[in-house]
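Inspection log for the structure reproduced underneath, given as structure tokens.
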Amino acid sequence: MERFRGFRVFCKSLTPLAIRRASSGGSERWTLRQRRDPYSREATRQNLKSRAAFKLLEIDDKYHIFQQGQTVVDLGYAPGSWTQIAVDRTGRNGHILGIDILPCAPPPGVSAIQGNFLHIKTQRAIKAFLLEQSLGRQNDHVAVPVSRNNGSYGVFARQRQQLACDQNFGDDAGQPANYEKGQNNGVLVVDVVLSDMMANTSGNSFRDHAMSMDLCHSAIAFALDTLKTGGHFVCKFYSGPEDVDLELRLREAFEVVKREKPRASRSESREQYFVSKSRKRGVTKQDLYGYDYDN
Ligand SMILES: C[S@@+](CC[C@H](N)C(=O)[O-])C[C@H]1O[C@@H](n2cnc3c(N)ncnc32)[C@H](O)[C@@H]1O
């Protein structure tokens, strides 16, 4: 049963906070903003890792992304509130894998890989993990940073012995029984790819936009290598001149593509989300990009 509630439900019970004088310190200003923010307070009350949870809750309430038993990959999962929602909404038989460049202990029921998603070795590690028969909710799935290949990725303790990072992902060995095979080297085993990835913003809006577009295109290419036909893709982006191109590519690959600005997304932020539903059959990343886009 779903545990976490969206904004509309909890806002009825909000009590106003006393307004305090803002202090000059950045961290104090941040603390004060968090305390005043109803989403942050409600996240604490519901034991959610961050207020970002309410963005995904609103998206899921509107678009019905999650179902019981799905396999979900959450790119940029730390500190983990989206993975908490995914665990809750996919139920006992769901499989949730989080990826983040930062070391972060994943919430219960979540597997995790630490690495830079833009690095091809990290993406291979994710794909290799997705092919593991043992993917599941075991408690020993704890993220451990493993310094290899100039420290660009890490995987869990359980997988440490020999992860098939360098093997050809298209090799059929060890694949689960119910997978679809993509045109190139994709094996389509994932129901939902989420991406809330964003590096620290620089304050330069074009630079932040460009950085976000890199992450989004890389996430789309990955999604097309791993999503089942009919699978869904939710992706944060920082708006700017290039997002129309992103949207056009998504429309080639998904039946429905919508822009969303959830209420929990701060009005002063340029962040928005593309919600892309129902991956079309047979459309590959080569169709979208015209070359083998890896990262
Ligand atoms: C806004 S936070 C995600 C919050 C998360 N959805 C939640 O609900 O807790 C963005 C995350 O993206 C991660 N990130 C940014 N660039 C990344 C990259 N190249 N590879 C992996 N993770 C990245 C950051 O480390 C950060 O944890």
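Ligands are numbered from 1 in the order shown, residues from 1 within each chain, and chains are lettered A, B, ... in the order they appear in the structure tokens.
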Discussion item. What residues of the protein or nucleic acid chains come within 9 Å of ligand 1 when you use only C-alpha atoms and all ligand atoms? Reply as number ranges by chain.
Written reply: A: 48-56, 74-85, 99-104, 114-119, 122, 194-200, 212, 215, 236
Discussion item. Set the distance at 9 Å and use only C-alpha atoms: which residues neighbour Ser278 of chain A once local chain neighbours fewer than 6 positions away are removed? I'd like the list as an MDAnalysis selection string.
Written reply: chainID A and resid 228:233 253:256
Quick one: everything within 12 Å of Arg251 of chain A, counting only C-alpha atoms, minus sequence neighbours fewer than 6 positions away in the same chain. Send it as a short mmCIF file (atom, residue, chain, number, x, y, z; two decimals) with C-alpha atoms, in the first residue's frame.
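Generated output (out_23.cif):
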```cif
data_model
loop_
_atom_site.label_atom_id
_atom_site.label_comp_id
_atom_site.auth_asym_id
_atom_site.auth_seq_id
_atom_site.Cartn_x
_atom_site.Cartn_y
_atom_site.Cartn_z
CA ILE A 220 17.86 9.42 -23.11
CA PHE A 233 11.20 8.10 -18.86
CA VAL A 244 13.15 22.12 -27.86
CA ASP A 245 15.62 19.82 -29.60
CA VAL A 257 5.81 13.68 -24.05
CA LYS A 258 4.78 16.43 -21.61
CA ARG A 259 6.58 19.28 -19.86
CA PHE A 274 9.93 15.94 -19.32
CA VAL A 275 7.51 13.13 -18.65
CA SER A 276 7.77 10.66 -21.55
CA LYS A 277 5.35 7.75 -21.56
CA SER A 278 5.27 4.53 -23.58
CA ARG A 279 8.52 3.96 -25.41
CA LYS A 280 7.80 3.17 -29.06
CA VAL A 283 13.19 3.26 -32.02
CA LEU A 288 17.58 9.70 -32.55
#
```
